[in-house]
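I have placed the structure first, in the form of C-alpha cells, so that the comments after it can refer back to it.
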Amino acid sequence: MIMSEAEGAGHRELDGLTSITAQSGAGMESCLLDGTPPPCMVVIVGASGDLTSRKIIPALYNLYCNGGLPAPFFAVGCARTDWTTEIFRERMKEALKRAGLFETDRWEGFASLLYYHPVKYDDPASFESLAVRLSELDRELGTCGNKLFYLAIPPSLYPLTATMLGRVGLSAGGSEDGNWARIVVEKPFGRDLQTAIDLDRTLHRYFEEKQIFRIDHYLAKETVQNILMFRFANAIFEPVWNRRYIESVHILAAETLGVEHRSGYYEQAGVLRDMFQNHMMQLLSLTAMDPPSVFEADRVRDEKVRVYGTMRPFETDNLWDYLVLGQYEAGMVGGEKVPAYRQEKGVNFDSLIPTFASMKVFLDSWRWQGVPFYLTSGKRLARKQTEISISFKEVPHSLFRSTLGEHITANRLILGIYPDERITLTFQTKNPGARVCLRSVTMDFQYHQNYTGPVLDAYEKVLLDCMLGDQMLFWRQDGLERCWSFLTPILEECETCSGRSSMLQPYAAGSCGPEAVKKLQNDVLS
Ligand code: BG6
C-alpha cells in the first residue's frame with residue numbers, strides 16, 4: 001500500500017495497489033486530539049480499586065504523554081483506604097510498570113499531578129473535608145473550579161456517593177462564572193427498568209442530564225465510531241441499507257474469556273444484562289439508525305433512541321422462538337482446559353445464569369420491516385470476535401441459472417470491530433476459464449492500514465470527551481429506558497418461567513455456542 005497526501009483527498013490506483021489519502025490534506029496524526037480540554041481536576045472515587053490502576057490512571061498517563069491533558073490539571077484519588085498522596089503515587093507508579101507504560105523521564109511530571117484524599121462514602125464530614133481539599137487545590141493550581149467525578153466504585157454505591165457529593169455542593173456546575181461539575185458512571189445502570197429509573201432519579205437530584213456521563217466503552221472503540229462515518233460519509237451504502245436489499249444483520253460479540261474474578265457481579269447479571277443492555281444495543285442502533293441532520297451528540301442520540309423505540313417486543317409466549325440462552329461447560333480454550341461456569345470460583349453449583357445469548361430482533365420501521373437482526377454474545381467461545389455482518393439479498397433473477405443453478409451467493413459486508421479491525425465486502429467474480437464458474441472474493445480494508453501514529457484507547461477517549469463535555473459517546477437516559485423496556489419483560493420471563501433450567505442450553509467451552517442457535521438463525525423470517 002502506498003500513502004500519499006500530496007494527491008489530496010481521495011483514493012486512486014497506483015501500480016495496481018490501493019492508495020489511501022487523508023481528507024483535505026489533513027495529516028492522520030493530527031486527528032489524534034480534537035482540541036485541549038479546559039483546565040480541570042479529575043476526582044477518582046474508588047481510587048484504591050482495580051479500575052483505577054488498570055484503566056483510569058494508565059489512560060490519564062497516556063493522555064499526559066500525548067499532550068491530551070489540559071494545563072493546569074490535577075487528579076485526586078479518593079477511597080476508604082487510608083493512603084497518603086505519597087502512597088497513592090507509589091501505587092500508581094507500580095500500576096504503570098505492570099502495564100508496561102512507565103517511563104522514568106515522564107513519571108515525575110505526571111506524579112506531581114496526583115493527590116489522594118481518603119473518604120468514607122457514608123460520612124458527610126468526610127465529603128465536607130474533600131470539598132475543602134478540592135477547593136484549596138483548585139485555588140492553588142488554577143483549575144477554575146472545573147471538576148470531573150469518576151465513580152470507580154460498585155454501582156450499589158452510586159446513589160450514596162452522588163448524594164454526598166451533591167450535599168456538599170460539589171455537583172454545582174454551569175454557574176454564571178462558567179465552571180462545570182460532571183459525574184461519570186459505568187454500567188450496570190440498574191438491573192431492570194424500574195431500578196434504572198430509580199438510579200437516575202437519585203443522580204438527577206443533584207446533577208442535570210448534561211452533567212451525567214454514562215460510559216459504554218464499546219462506543220469509544222475506533223471501529224465502532226467508524227460505523228457512522230462508513231455509513232454516512234459515503235453515498236453508496238445508504239441507498240441499499242434497508243429491507244429491499246438486506247436479508248439479515250448479524251451482530252456478534254464472542255469472547256474466549258470466562259467469568260474471571262467477577263462471579264459475584266456476573267451471577268447477578270448474566271449475559272443479557274452484561275452485554276445486551278449496553279454494548280449490543282449500541283451496535284444495533286449504530287447499524288440501524290437513520291442519519292441525523294448534524295453530527296452532534298443529541299441529534300445522534302435522538303436517532304438511536306428512535307431505533308430502540310422500534311424494537312418489536314418479544315411475545316413472551318413464544319420467547320424461545322426468538323431467544324437462545326446457553327451456559328458454558330468445561331472445555332478447551334486456546335489449547336487449555338477450562339472449567340464449566342458452574343465450577344468457577346464464586347458461582348453456584350446449580351446456577352441458571354446464562355453466559356451466552358442469541359436473539360432475533362425485528363425493528364418495526366419502514367426501513368427494516370421483516371429484516372431479522374441476530375444479536376449474539378457469549379463467553380468461552382472458540383475465539384474473540386466482535387463484528388457486524390450485513391447479508392444482502394440474492395440477485396432477483398439468475399441469468400446463470402443453467403450453469404450455476406438457482407442460487408448465487410449473496411454479497412456480504414462485514415464491519416469488523418475486534419480483533420479484525422477491518423471492513424470487507426464479499427462479492428462474486430468469474431473464475432478464469434471457458435466454463436462459467438463463479439467464486440466469492442473479498443475487498444478488504446484494514447483500519448490501521450498506513451497508520452502508524454498513536455491511537456487513543458477507549459478509556460483515554462472517554463476521559464477526554466468527559467473533560468471536553470462531549471456526550472456523543474455516552475448513553476442518554478431515554479435510550480437506556482427504552483432498552484430496559486424491551487429487555488425487562490424478557491428477563492422477567494427468563495428468570496421466572498417454569499421451564500427455565502431446560503431452556504438453558506449447555507455448550508462446551510471453546511465451541512461456537514449451543515446448537516440451538518443454528519435453528520434460530522435458519523428460521524423462516526417471521
Ligand atoms: C464488559 C463486560 O462490559 O465488556 C465483560 O462486563 C466483557 O463481561 C467486556 O468481557 C467485553 O469487552 P471487549 O471490549 O473485550 O469486547
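Letters A, B, ... mark the chains of the C-alpha cells in the order given; residue numbers begin at 1 per chain; ligand numbers begin at 1, in order shown.
Residues surrounding region 386-401 of chain A within 8 Å are Tyr245, Ile246, Glu247, Ser248, Val249, His250, Ile251, Leu252, Ala253, Ala254, Leu283, Glu406, His407, Ile408, Thr409, Ala410, Asn411, Arg412, Leu413, Ile414, Leu415, Gly416, Ile417, Tyr418 and Pro419 of chain A [only C-alpha atoms; sequence separation below 5 positions excluded].
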Item checked: Surrounding residues as a ChimeraX atom specification, ligand 1, max 8 Å, only C-alpha atoms and all ligand atoms -> /A:187,216-218,253-255,257,259,266,271,274-275,278-279,379,386,418
Assign secondary structure with DSSP using the backbone only, and return the residues of region 462-524 of chain A in helix (DSSP H, G or I) as a short mmCIF file (atom, residue, chain, number, x, y, z; two decimals) with all heavy atoms, in the first residue's frame.
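The result, written out as out_10.cif:
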```cif
data_model
loop_
_atom_site.label_atom_id
_atom_site.label_comp_id
_atom_site.auth_asym_id
_atom_site.auth_seq_id
_atom_site.Cartn_x
_atom_site.Cartn_y
_atom_site.Cartn_z
N VAL A 462 -12.76 8.30 26.38
CA VAL A 462 -13.86 8.59 27.29
C VAL A 462 -13.49 9.76 28.21
O VAL A 462 -14.26 10.72 28.38
CB VAL A 462 -14.17 7.32 28.11
CG1 VAL A 462 -14.90 7.65 29.38
CG2 VAL A 462 -14.96 6.32 27.28
N LEU A 463 -12.30 9.71 28.79
CA LEU A 463 -11.88 10.77 29.71
C LEU A 463 -11.77 12.11 28.99
O LEU A 463 -12.19 13.15 29.51
CB LEU A 463 -10.55 10.40 30.35
CG LEU A 463 -10.67 9.40 31.50
CD1 LEU A 463 -9.35 8.72 31.80
CD2 LEU A 463 -11.18 10.10 32.76
N LEU A 464 -11.22 12.04 27.81
CA LEU A 464 -11.06 13.26 27.02
C LEU A 464 -12.43 13.90 26.74
O LEU A 464 -12.64 15.09 26.93
CB LEU A 464 -10.38 12.87 25.71
CG LEU A 464 -9.56 13.90 24.97
CD1 LEU A 464 -8.59 14.59 25.87
CD2 LEU A 464 -8.82 13.21 23.83
N ASP A 465 -13.38 13.07 26.30
CA ASP A 465 -14.71 13.59 25.98
C ASP A 465 -15.42 14.14 27.21
O ASP A 465 -16.15 15.13 27.12
CB ASP A 465 -15.58 12.51 25.33
CG ASP A 465 -15.18 12.28 23.88
OD1 ASP A 465 -14.29 13.00 23.40
OD2 ASP A 465 -15.76 11.38 23.25
N CYS A 466 -15.21 13.48 28.35
CA CYS A 466 -15.83 14.00 29.58
C CYS A 466 -15.26 15.36 29.90
O CYS A 466 -15.99 16.28 30.28
CB CYS A 466 -15.57 13.08 30.77
SG CYS A 466 -16.37 11.51 30.65
N MET A 467 -13.95 15.51 29.77
CA MET A 467 -13.34 16.82 30.08
C MET A 467 -13.79 17.88 29.08
O MET A 467 -13.92 19.04 29.40
CB MET A 467 -11.81 16.68 30.10
CG MET A 467 -11.30 15.85 31.28
SD MET A 467 -9.51 15.87 31.42
CE MET A 467 -9.00 14.67 30.22
N LEU A 468 -14.03 17.44 27.85
CA LEU A 468 -14.47 18.39 26.81
C LEU A 468 -15.98 18.63 26.87
O LEU A 468 -16.51 19.51 26.20
CB LEU A 468 -14.11 17.85 25.42
CG LEU A 468 -12.62 17.90 25.05
CD1 LEU A 468 -12.32 17.02 23.85
CD2 LEU A 468 -12.18 19.34 24.75
N GLN A 477 -30.34 8.88 29.16
CA GLN A 477 -31.29 8.12 29.97
C GLN A 477 -32.49 7.61 29.17
O GLN A 477 -32.93 6.48 29.35
CB GLN A 477 -31.75 8.98 31.16
CG GLN A 477 -32.72 8.30 32.11
CD GLN A 477 -32.12 7.11 32.85
OE1 GLN A 477 -30.91 6.93 32.88
NE2 GLN A 477 -32.99 6.28 33.44
N ASP A 478 -32.99 8.40 28.21
CA ASP A 478 -34.17 7.93 27.47
C ASP A 478 -33.84 6.69 26.65
O ASP A 478 -34.66 5.76 26.53
CB ASP A 478 -34.80 9.04 26.61
CG ASP A 478 -33.80 9.72 25.69
OD1 ASP A 478 -32.59 9.46 25.81
OD2 ASP A 478 -34.23 10.53 24.85
N GLY A 479 -32.62 6.63 26.12
CA GLY A 479 -32.20 5.44 25.36
C GLY A 479 -32.12 4.24 26.27
O GLY A 479 -32.60 3.14 25.94
N LEU A 480 -31.53 4.44 27.44
CA LEU A 480 -31.41 3.35 28.40
C LEU A 480 -32.78 2.80 28.77
O LEU A 480 -32.99 1.59 28.81
CB LEU A 480 -30.81 3.89 29.70
CG LEU A 480 -29.32 3.88 29.88
CD1 LEU A 480 -28.98 4.46 31.24
CD2 LEU A 480 -28.79 2.46 29.77
N GLU A 481 -33.69 3.72 29.02
CA GLU A 481 -35.02 3.27 29.47
C GLU A 481 -35.74 2.51 28.37
O GLU A 481 -36.43 1.53 28.63
CB GLU A 481 -35.85 4.47 29.97
CG GLU A 481 -35.32 4.97 31.29
CD GLU A 481 -36.12 6.12 31.89
OE1 GLU A 481 -37.26 6.35 31.46
OE2 GLU A 481 -35.57 6.79 32.79
N ARG A 482 -35.57 2.95 27.12
CA ARG A 482 -36.23 2.21 26.02
C ARG A 482 -35.65 0.79 25.92
O ARG A 482 -36.38 -0.16 25.68
CB ARG A 482 -36.02 2.93 24.70
CG ARG A 482 -36.89 4.15 24.58
CD ARG A 482 -37.54 4.21 23.21
NE ARG A 482 -38.63 5.18 23.26
CZ ARG A 482 -38.86 6.07 22.31
NH1 ARG A 482 -38.10 6.10 21.24
NH2 ARG A 482 -39.87 6.89 22.41
N CYS A 483 -34.33 0.68 26.10
CA CYS A 483 -33.72 -0.65 26.01
C CYS A 483 -34.18 -1.52 27.18
O CYS A 483 -34.48 -2.70 27.00
CB CYS A 483 -32.20 -0.55 25.99
SG CYS A 483 -31.62 0.18 24.48
N TRP A 484 -34.23 -0.91 28.36
CA TRP A 484 -34.73 -1.69 29.50
C TRP A 484 -36.20 -2.08 29.29
O TRP A 484 -36.61 -3.16 29.69
CB TRP A 484 -34.60 -0.89 30.80
CG TRP A 484 -33.26 -0.99 31.49
CD1 TRP A 484 -32.46 0.04 31.86
CD2 TRP A 484 -32.59 -2.18 31.92
NE1 TRP A 484 -31.33 -0.44 32.49
CE2 TRP A 484 -31.38 -1.79 32.54
CE3 TRP A 484 -32.88 -3.55 31.83
CZ2 TRP A 484 -30.47 -2.71 33.08
CZ3 TRP A 484 -31.96 -4.46 32.36
CH2 TRP A 484 -30.79 -4.04 32.97
N SER A 485 -36.98 -1.22 28.65
CA SER A 485 -38.39 -1.57 28.42
C SER A 485 -38.48 -2.80 27.53
O SER A 485 -39.38 -3.62 27.67
CB SER A 485 -39.15 -0.45 27.71
OG SER A 485 -39.06 0.71 28.41
N PHE A 486 -37.54 -2.92 26.60
CA PHE A 486 -37.53 -4.09 25.72
C PHE A 486 -37.04 -5.33 26.49
O PHE A 486 -37.62 -6.41 26.39
CB PHE A 486 -36.61 -3.79 24.53
CG PHE A 486 -36.37 -4.96 23.63
CD1 PHE A 486 -37.36 -5.39 22.75
CD2 PHE A 486 -35.16 -5.66 23.66
CE1 PHE A 486 -37.14 -6.49 21.92
CE2 PHE A 486 -34.94 -6.74 22.83
CZ PHE A 486 -35.94 -7.17 21.96
N LEU A 487 -35.97 -5.15 27.26
CA LEU A 487 -35.33 -6.33 27.88
C LEU A 487 -35.99 -6.79 29.18
O LEU A 487 -35.93 -7.98 29.50
CB LEU A 487 -33.86 -6.02 28.16
CG LEU A 487 -32.86 -6.32 27.05
CD1 LEU A 487 -31.46 -5.99 27.52
CD2 LEU A 487 -32.91 -7.79 26.61
N THR A 488 -36.59 -5.86 29.92
CA THR A 488 -37.10 -6.25 31.24
C THR A 488 -38.13 -7.39 31.16
O THR A 488 -37.99 -8.38 31.89
CB THR A 488 -37.65 -5.02 32.00
OG1 THR A 488 -36.57 -4.09 32.14
CG2 THR A 488 -38.16 -5.39 33.38
N PRO A 489 -39.13 -7.32 30.26
CA PRO A 489 -40.07 -8.45 30.21
C PRO A 489 -39.38 -9.76 29.82
O PRO A 489 -39.75 -10.84 30.29
CB PRO A 489 -41.07 -8.05 29.11
CG PRO A 489 -40.85 -6.61 28.86
CD PRO A 489 -39.49 -6.25 29.33
N ILE A 490 -38.36 -9.66 28.97
CA ILE A 490 -37.64 -10.87 28.56
C ILE A 490 -36.92 -11.45 29.78
O ILE A 490 -36.98 -12.65 30.07
CB ILE A 490 -36.63 -10.55 27.44
CG1 ILE A 490 -37.37 -9.99 26.23
CG2 ILE A 490 -35.79 -11.76 27.08
CD1 ILE A 490 -36.46 -9.51 25.10
N LEU A 491 -36.24 -10.57 30.51
CA LEU A 491 -35.51 -11.03 31.70
C LEU A 491 -36.47 -11.65 32.71
O LEU A 491 -36.20 -12.70 33.29
CB LEU A 491 -34.76 -9.85 32.34
CG LEU A 491 -33.49 -9.45 31.62
CD1 LEU A 491 -33.08 -8.04 32.01
CD2 LEU A 491 -32.36 -10.43 31.92
N GLU A 492 -37.61 -10.97 32.90
CA GLU A 492 -38.56 -11.48 33.90
C GLU A 492 -39.05 -12.87 33.51
O GLU A 492 -39.10 -13.79 34.33
CB GLU A 492 -39.76 -10.54 34.03
CG GLU A 492 -39.43 -9.35 34.92
CD GLU A 492 -40.47 -8.25 34.87
OE1 GLU A 492 -41.48 -8.40 34.13
OE2 GLU A 492 -40.26 -7.23 35.56
N GLU A 493 -39.35 -13.03 32.22
CA GLU A 493 -39.83 -14.33 31.77
C GLU A 493 -38.73 -15.38 31.93
O GLU A 493 -38.96 -16.47 32.44
CB GLU A 493 -40.28 -14.22 30.30
CG GLU A 493 -40.80 -15.48 29.68
CD GLU A 493 -42.10 -15.98 30.32
OE1 GLU A 493 -42.78 -15.20 31.01
OE2 GLU A 493 -42.40 -17.19 30.13
N CYS A 494 -37.51 -15.03 31.51
CA CYS A 494 -36.40 -15.99 31.60
C CYS A 494 -36.13 -16.38 33.05
O CYS A 494 -35.74 -17.50 33.34
CB CYS A 494 -35.11 -15.38 31.06
SG CYS A 494 -35.13 -15.10 29.33
N GLU A 495 -36.31 -15.43 33.95
CA GLU A 495 -35.92 -15.69 35.33
C GLU A 495 -37.02 -16.31 36.17
O GLU A 495 -36.77 -16.75 37.29
CB GLU A 495 -35.40 -14.38 35.98
CG GLU A 495 -34.04 -14.04 35.40
CD GLU A 495 -33.55 -12.63 35.72
OE1 GLU A 495 -34.27 -11.88 36.40
OE2 GLU A 495 -32.43 -12.30 35.27
N THR A 496 -38.23 -16.35 35.60
CA THR A 496 -39.31 -16.91 36.41
C THR A 496 -40.03 -18.08 35.74
O THR A 496 -40.78 -18.78 36.41
CB THR A 496 -40.39 -15.83 36.72
OG1 THR A 496 -40.80 -15.29 35.47
CG2 THR A 496 -39.85 -14.73 37.61
N ARG A 500 -37.35 -22.97 32.98
CA ARG A 500 -36.12 -22.18 32.95
C ARG A 500 -34.85 -23.02 32.77
O ARG A 500 -34.03 -22.74 31.92
CB ARG A 500 -36.07 -21.42 34.28
CG ARG A 500 -35.01 -20.41 34.35
CD ARG A 500 -35.07 -19.67 35.66
NE ARG A 500 -33.89 -18.87 35.77
CZ ARG A 500 -33.40 -18.39 36.89
NH1 ARG A 500 -34.02 -18.63 38.02
NH2 ARG A 500 -32.30 -17.68 36.89
N SER A 501 -34.75 -24.08 33.57
CA SER A 501 -33.49 -24.82 33.51
C SER A 501 -33.38 -25.59 32.20
O SER A 501 -32.30 -25.72 31.62
CB SER A 501 -33.32 -25.73 34.70
OG SER A 501 -34.33 -26.67 34.70
N SER A 502 -34.52 -26.09 31.68
CA SER A 502 -34.41 -26.87 30.43
C SER A 502 -34.16 -25.95 29.23
O SER A 502 -33.67 -26.39 28.19
CB SER A 502 -35.67 -27.70 30.20
OG SER A 502 -36.76 -26.84 30.10
N MET A 503 -34.46 -24.65 29.36
CA MET A 503 -34.23 -23.76 28.24
C MET A 503 -32.79 -23.25 28.18
O MET A 503 -32.39 -22.60 27.22
CB MET A 503 -35.18 -22.55 28.30
CG MET A 503 -36.64 -22.88 28.12
SD MET A 503 -37.00 -24.19 26.95
CE MET A 503 -36.54 -23.43 25.41
N ALA A 516 -28.63 -24.95 19.28
CA ALA A 516 -29.95 -24.36 19.01
C ALA A 516 -29.85 -23.03 18.26
O ALA A 516 -30.82 -22.60 17.64
CB ALA A 516 -30.68 -24.14 20.33
N VAL A 517 -28.70 -22.41 18.28
CA VAL A 517 -28.55 -21.13 17.58
C VAL A 517 -28.76 -21.33 16.08
O VAL A 517 -29.33 -20.48 15.40
CB VAL A 517 -27.16 -20.53 17.86
CG1 VAL A 517 -26.92 -19.31 17.00
CG2 VAL A 517 -27.05 -20.17 19.31
N LYS A 518 -28.30 -22.48 15.58
CA LYS A 518 -28.43 -22.72 14.14
C LYS A 518 -29.90 -22.68 13.76
O LYS A 518 -30.27 -22.12 12.74
CB LYS A 518 -27.83 -24.08 13.78
CG LYS A 518 -26.34 -24.08 13.91
CD LYS A 518 -25.75 -25.32 13.28
CE LYS A 518 -24.28 -25.42 13.65
NZ LYS A 518 -23.90 -26.75 14.09
N LYS A 519 -30.73 -23.28 14.60
CA LYS A 519 -32.15 -23.32 14.28
C LYS A 519 -32.72 -21.89 14.31
O LYS A 519 -33.42 -21.48 13.39
CB LYS A 519 -32.89 -24.22 15.28
CG LYS A 519 -34.37 -24.26 14.98
CD LYS A 519 -35.10 -25.26 15.82
CE LYS A 519 -36.59 -25.20 15.53
NZ LYS A 519 -37.19 -23.89 15.51
N LEU A 520 -32.37 -21.16 15.34
CA LEU A 520 -32.88 -19.78 15.45
C LEU A 520 -32.55 -18.98 14.19
O LEU A 520 -33.36 -18.25 13.65
CB LEU A 520 -32.23 -19.10 16.66
CG LEU A 520 -32.64 -17.65 16.91
CD1 LEU A 520 -33.96 -17.61 17.66
CD2 LEU A 520 -31.59 -16.90 17.71
N GLN A 521 -31.33 -19.16 13.70
CA GLN A 521 -30.89 -18.31 12.60
C GLN A 521 -31.33 -18.83 11.23
O GLN A 521 -31.26 -18.09 10.26
CB GLN A 521 -29.37 -18.13 12.68
CG GLN A 521 -29.00 -17.61 14.06
CD GLN A 521 -27.70 -16.86 14.13
OE1 GLN A 521 -26.93 -16.85 13.19
NE2 GLN A 521 -27.44 -16.23 15.25
N ASN A 522 -31.79 -20.09 11.19
CA ASN A 522 -32.27 -20.59 9.90
C ASN A 522 -33.77 -20.48 9.75
O ASN A 522 -34.32 -20.80 8.71
CB ASN A 522 -31.90 -22.07 9.73
CG ASN A 522 -30.44 -22.19 9.41
OD1 ASN A 522 -29.84 -21.25 8.93
ND2 ASN A 522 -29.86 -23.33 9.70
#
```
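Excluding Arg167 (chain A) and any residue on its chain fewer than 5 positions from it, the residues at most 12 Å away by only C-alpha atoms are Asp123, Pro124, Ala125, Ser126, Phe127, Glu128, Ala131, Leu160, Thr161, Ala162, Ala172, Leu203, Arg205, Tyr206 and Phe207 of chain A.
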Next item on the list: Grab the CA of Glu296 (chain A) to CA of Asp470 (chain A) distance for me, in Å with one decimal place.
Entry: 8.9 Å
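Residue neighbourhood of Gly270 (chain A), excluding near-sequence residues (fewer than 6 positions): Ile353, Pro354 and Thr355 of chain A, at 6 Å, using only C-alpha atoms.
Taking only C-alpha atoms into account, Ala330 (chain A) lies nearest to A:Gln343 out of the set A:Gln194, A:Asn318, A:Gln343, A:Asn242.
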Item checked: Filtered DSSP result for region 293-442 of chain A, state strand (DSSP E or B), as a PyMOL selection string -> chain A and resi 311+323-329+331-333+336-338+356-361+363+373-378+381+385-392+412-418+422-430+438-442
Residues of region 260-329 of chain A that have any atom at most 9 Å from an atom of region 364-372 of chain A: could you tabulate them with the shortest-distance atom pair and the distance in Å to one decimal, using only C-alpha atoms, ordered by chain and increasing number, as CSV?
```
residue,atom,partner,partner_atom,distance
A:Ala288,CA,A:Trp368,CA,7.9
A:Asp290,CA,A:Arg367,CA,8.9
A:Val307,CA,A:Ser365,CA,8.6
A:Gly309,CA,A:Asp364,CA,8.7
A:Thr310,CA,A:Asp364,CA,5.0
A:Met311,CA,A:Asp364,CA,6.3
A:Arg312,CA,A:Asp364,CA,6.1
```
Could you write those residues out with N, CA and C atoms, as a PDB file, in the first residue's frame?
```
ATOM      1  N   ALA A 288     -28.569   0.449  12.598  1.00  0.00           N
ATOM      2  CA  ALA A 288     -29.929   0.601  12.066  1.00  0.00           C
ATOM      3  C   ALA A 288     -30.420   2.043  11.981  1.00  0.00           C
ATOM      4  N   ASP A 290     -31.238   6.066  11.411  1.00  0.00           N
ATOM      5  CA  ASP A 290     -31.279   6.982  10.269  1.00  0.00           C
ATOM      6  C   ASP A 290     -30.192   8.024  10.460  1.00  0.00           C
ATOM      7  N   VAL A 307     -34.478   4.211  17.142  1.00  0.00           N
ATOM      8  CA  VAL A 307     -34.314   2.781  16.817  1.00  0.00           C
ATOM      9  C   VAL A 307     -34.818   1.935  17.983  1.00  0.00           C
ATOM     10  N   GLY A 309     -36.982   2.578  20.023  1.00  0.00           N
ATOM     11  CA  GLY A 309     -38.440   2.641  20.068  1.00  0.00           C
ATOM     12  C   GLY A 309     -39.096   1.738  19.038  1.00  0.00           C
ATOM     13  N   THR A 310     -38.344   1.285  18.036  1.00  0.00           N
ATOM     14  CA  THR A 310     -38.953   0.419  17.011  1.00  0.00           C
ATOM     15  C   THR A 310     -38.736  -1.071  17.303  1.00  0.00           C
ATOM     16  N   MET A 311     -38.017  -1.404  18.367  1.00  0.00           N
ATOM     17  CA  MET A 311     -37.776  -2.828  18.638  1.00  0.00           C
ATOM     18  C   MET A 311     -39.092  -3.513  18.967  1.00  0.00           C
ATOM     19  N   ARG A 312     -39.406  -4.544  18.212  1.00  0.00           N
ATOM     20  CA  ARG A 312     -40.685  -5.234  18.423  1.00  0.00           C
ATOM     21  C   ARG A 312     -40.586  -6.040  19.723  1.00  0.00           C
TER      22      ARG A 312
END
```
Check: Suppose you want the space between CA of Lys93 (chain A) and CA of Trp107 (chain A); what is it in Å?
Finding: 7.8 Å
Margin query: Taking 6 positions as the minimum chain separation for residues in the same chain, which residues sit within 12 Å of region 132-134 of chain A when counting only C-alpha atoms? Answer as a PyMOL selection string.
Written below: chain A and resi 40-43+74-78+115-119+125-126+140-149+165+168-170
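Between CA of Phe474 (chain A) and CA of Ala59 (chain A) there is a distance of 17.6 Å.
Closest approach to Thr84 (chain A) among A:Ser48, A:Thr104, A:Thr316, A:Ser440: A:Ser48, based on only C-alpha atoms.
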Check: Given the choices A:Gly258, A:Gly499, A:Pro291, A:Gly510, which gets closest to Leu381 (chain A) if the distance is worked out from only C-alpha atoms?
Finding: A:Gly510
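Among the candidates A:Arg54, A:Gly109, A:Asp82, A:Pro72, the one nearest to Arg139 (chain A) when counting only C-alpha atoms is A:Pro72.
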